[in-house]
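Right, one structure below, let's go through it.
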Amino acid sequence: MTVFLALVVLATAAPWAATAAARRLAALLPPREACVALTGAAVLLAGGTVAALVALFHVPFLAALERIPLSRVLTEWPAAVPLSCVAGVLLLLQAVVLVRRWLDHRALLARAWAATRDGVADGDVLVVPGEDAEAFALPGFRRRRGRVVVTTGMVRALGPAEREVLLAHERAHLAGHHHLLSAVTDLAAGVHPALRGLREALPFHLERWADEAAARSVGDRRLAATAIARAALAGSATARAGGGRNPLPSVSAGPVPRRVEALLGAVPVRPRGRARRVGAVCLTAVTAVTLVSLGLAYGLHEYVEYAAAAVRGR
């Protein structure tokens with residue numbers, strides 16, 4: 001029963017600790033590497049959780065293949081059938097959540113593209129008429145390539161140099177395929193509630209990635225910080241009036257004061273010394289949880305075969 005209990009712990013409790021380690025690791029890394037770390041951790045932990053649940057779910061079926069009666073299974077492994085039922089229900093719920101979220105992402109893109117039908121194209125930029133100050137990166141959809149969407153209200157709110165920062169920021173979102181990282185992390189969060197912490201942490205690092213790309217593009221970190229602050233202030237009235245925030249990558253997303261403060265500081269570098277050691281420990285923790293989950297899932301199959309042979313030998 002030790003293997004069963006270990007899989008239950010790994011499928012339920014371990015991702016909470018691993019998520020905290022992944023967030024700590026992201027805080028130590030430059031923005032681009034932080035985004036990769038958060039998304040990778042989400043995928044790994046979701047995969048480990050699903051593997052553990054699948055292993056628990058198919059134990060009775062393995063026993064049936066080994067020609068062990070169900071009554072004998074209940075006698076020898078009383079927790080096997082209840083755990084299998086719970087795992088099956090959780091896998092079904094996860095499948096439903098993943099399908100719904102995927103459809104929601106598709107519907108969001110369809111609505112966003114429909115809302116820009118009156119926009120005027122200027123290269124990779126779509127200028128949409130509207131008093132609200134908005135700007136966001138609109139990913140490609142149905143054979144249409146991605147565009148930077150800017151309202152006329154946002155164009156009027158910024159000066160020429162600040163508009164250059166804005167466009168560079170949104171182009172960085174498109175070039176880095178940030179919508180895919182966000183979508184993958186959101187889907188992974190549907191597998192285990194602990195992974196919501198990774199989904200919540202990711203937007204800040206995605207915006208920081210785009211901020212740094214914009215600062216490099218214009219060659220002036222202070223100008224980039226000023227432009228982002230002004231764009232966020234111009235868009236804040238829109239967000240308050242609309243009662244929500246745009247879920248697509250946007251210059252005004254995330255904790256803007258922290259982003260501005262970071263731009264006014266030094267260029268991010270990879271961790272060194274103690275920070276590097278802490279990061280290595282966090283990375284090891286996330287990887288270990290996933291590998292142990294996969295190892296126990298495979299080991300459970302071998303355990304059932306061994307136990308079945310022992311039962312038949314009695």
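The chains in the structure tokens are called A, B, ... from first to last as shown; in each chain the residues are counted from 1, and the ligands are counted from 1 in the order shown.
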Using only C-alpha atoms, find each residue of segment 119-194 of chain A with at least one atom at most 12 Å away from an atom of segment 90-109 of chain A; report its shortest atom-to-atom pair and that distance in Å (one decimal), sort the rows by chain and rising residue number, and return the result as a tab-separated table.
```
residue	atom	partner	partner_atom	distance
A:Ala137	CA	A:Leu109	CA	10.9
A:Leu138	CA	A:Leu109	CA	7.7
A:Pro139	CA	A:Leu109	CA	7.6
A:Gly140	CA	A:Leu109	CA	8.5
A:Phe141	CA	A:Leu109	CA	6.9
A:Arg142	CA	A:Leu109	CA	9.7
A:Arg144	CA	A:Leu109	CA	11.2
A:Gly146	CA	A:Leu109	CA	10.7
A:Arg147	CA	A:Leu109	CA	12.0
A:His179	CA	A:His105	CA	9.8
A:Leu180	CA	A:His105	CA	10.3
A:Ser182	CA	A:His105	CA	10.3
A:Ala183	CA	A:His105	CA	7.4
A:Val184	CA	A:Trp102	CA	9.5
A:Thr185	CA	A:Arg101	CA	11.1
A:Asp186	CA	A:Arg101	CA	7.8
A:Leu187	CA	A:Leu98	CA	5.8
A:Ala188	CA	A:Leu98	CA	8.1
A:Ala189	CA	A:Leu98	CA	9.1
A:Gly190	CA	A:Val97	CA	6.0
A:Val191	CA	A:Gln94	CA	5.5
A:His192	CA	A:Gln94	CA	8.4
A:Pro193	CA	A:Gln94	CA	10.8
```
Handout entry: strand (DSSP E or B) call set, DSSP backbone run, segment 5-245 of chain A, as an MDAnalysis selection string
Key = chainID A and resid 120:122 125:128 135:138 141 144 147:151
Practice task
Can you pull out every residue within 10 Å of Ala22 of chain A, counting only C-alpha atoms, but drop anything in the same chain fewer than 6 positions away, and send it as a PyMOL selection string?
Solution key: chain A and resi 34+37-42+197-198+201+279+282-287
Exercise for the section: List every residue of segment 143-215 of chain A that DSSP, applied to the backbone of this structure, places in helix (DSSP H, G or I), and write the result as number ranges by chain. Expected result: A: 152-157, 160-175, 178-189, 193-215
Exercise for the section: Find the distance between atom CA of Ala262 of chain A and atom CA of Asp211 of chain A and write it in Å to one decimal. Expected result: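 Interatomic distance here is 9.3 Å.
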Practice task
Find the distance between atom CA of Leu174 of chain A and atom CA of Ile228 of chain A and write it in Å to one decimal.
Solution key: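 The value is 17.4 Å.
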If we count only C-alpha atoms, what is near segment 85-87 of chain A at a cut-off of 7 Å, once residues fewer than 5 positions away on the same chain are taken out, given as an mmCIF file with all heavy atoms, in the first residue's frame?
```cif
data_model
loop_
_atom_site.group_PDB
_atom_site.id
_atom_site.type_symbol
_atom_site.label_atom_id
_atom_site.label_comp_id
_atom_site.auth_asym_id
_atom_site.auth_seq_id
_atom_site.Cartn_x
_atom_site.Cartn_y
_atom_site.Cartn_z
ATOM 1 N N LEU A 53 -2.573 9.897 -11.499
ATOM 2 C CA LEU A 53 -3.996 9.557 -11.498
ATOM 3 C C LEU A 53 -4.290 8.400 -12.440
ATOM 4 O O LEU A 53 -5.097 7.515 -12.118
ATOM 5 C CB LEU A 53 -4.823 10.784 -11.896
ATOM 6 C CG LEU A 53 -4.855 11.922 -10.880
ATOM 7 C CD1 LEU A 53 -5.606 13.122 -11.444
ATOM 8 C CD2 LEU A 53 -5.502 11.470 -9.569
ATOM 9 N N LEU A 56 -3.254 5.191 -10.734
ATOM 10 C CA LEU A 56 -4.230 4.759 -9.728
ATOM 11 C C LEU A 56 -5.510 4.245 -10.380
ATOM 12 O O LEU A 56 -6.118 3.280 -9.908
ATOM 13 C CB LEU A 56 -4.558 5.927 -8.793
ATOM 14 C CG LEU A 56 -3.440 6.378 -7.865
ATOM 15 C CD1 LEU A 56 -3.821 7.684 -7.168
ATOM 16 C CD2 LEU A 56 -3.131 5.310 -6.819
ATOM 17 N N PHE A 57 -5.907 4.886 -11.475
ATOM 18 C CA PHE A 57 -7.171 4.519 -12.120
ATOM 19 C C PHE A 57 -7.130 3.115 -12.719
ATOM 20 O O PHE A 57 -8.123 2.384 -12.672
ATOM 21 C CB PHE A 57 -7.481 5.542 -13.222
ATOM 22 C CG PHE A 57 -8.678 5.208 -14.044
ATOM 23 C CD1 PHE A 57 -9.948 5.201 -13.482
ATOM 24 C CD2 PHE A 57 -8.546 4.889 -15.392
ATOM 25 C CE1 PHE A 57 -11.071 4.890 -14.239
ATOM 26 C CE2 PHE A 57 -9.657 4.581 -16.153
ATOM 27 C CZ PHE A 57 -10.920 4.580 -15.582
#
```
Give me, as CSV, each residue of segment 102-149 of chain A that comes within 10 Å of segment 155-160 of chain A, together with its shortest interatomic pair and the distance in Å at one decimal, counting only C-alpha atoms, with rows ordered by chain and rising residue number.
```
residue,atom,partner,partner_atom,distance
A:Val127,CA,A:Val155,CA,8.5
A:Val128,CA,A:Val155,CA,9.9
A:Glu131,CA,A:Arg156,CA,9.2
A:Asp132,CA,A:Ala157,CA,10.0
A:Ala133,CA,A:Ala157,CA,7.3
A:Glu134,CA,A:Val155,CA,8.9
A:Ala135,CA,A:Val155,CA,9.1
```
Exercise for the section: Rounded to one decimal place, report the atom CA of Glu212 of chain A-atom CA of Thr19 of chain A distance in Å. Expected result: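 Rounded to one decimal, the two atoms are 25.4 Å apart.
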Problem - Residue nearest Arg230 of chain A among A:Ala288, A:Ala52, A:Leu195, A:Met154 (counting only C-alpha atoms) - result: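 With only C-alpha atoms as the atom set, the closest residue is A:Met154.
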Handout entry: Residue among A:Gly273, A:Leu291, A:Val149, A:Arg259 lying closest to Leu167 of chain A, counting only C-alpha atoms
Key =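 Closest to Leu167 of chain A, using only C-alpha atoms: A:Val149.
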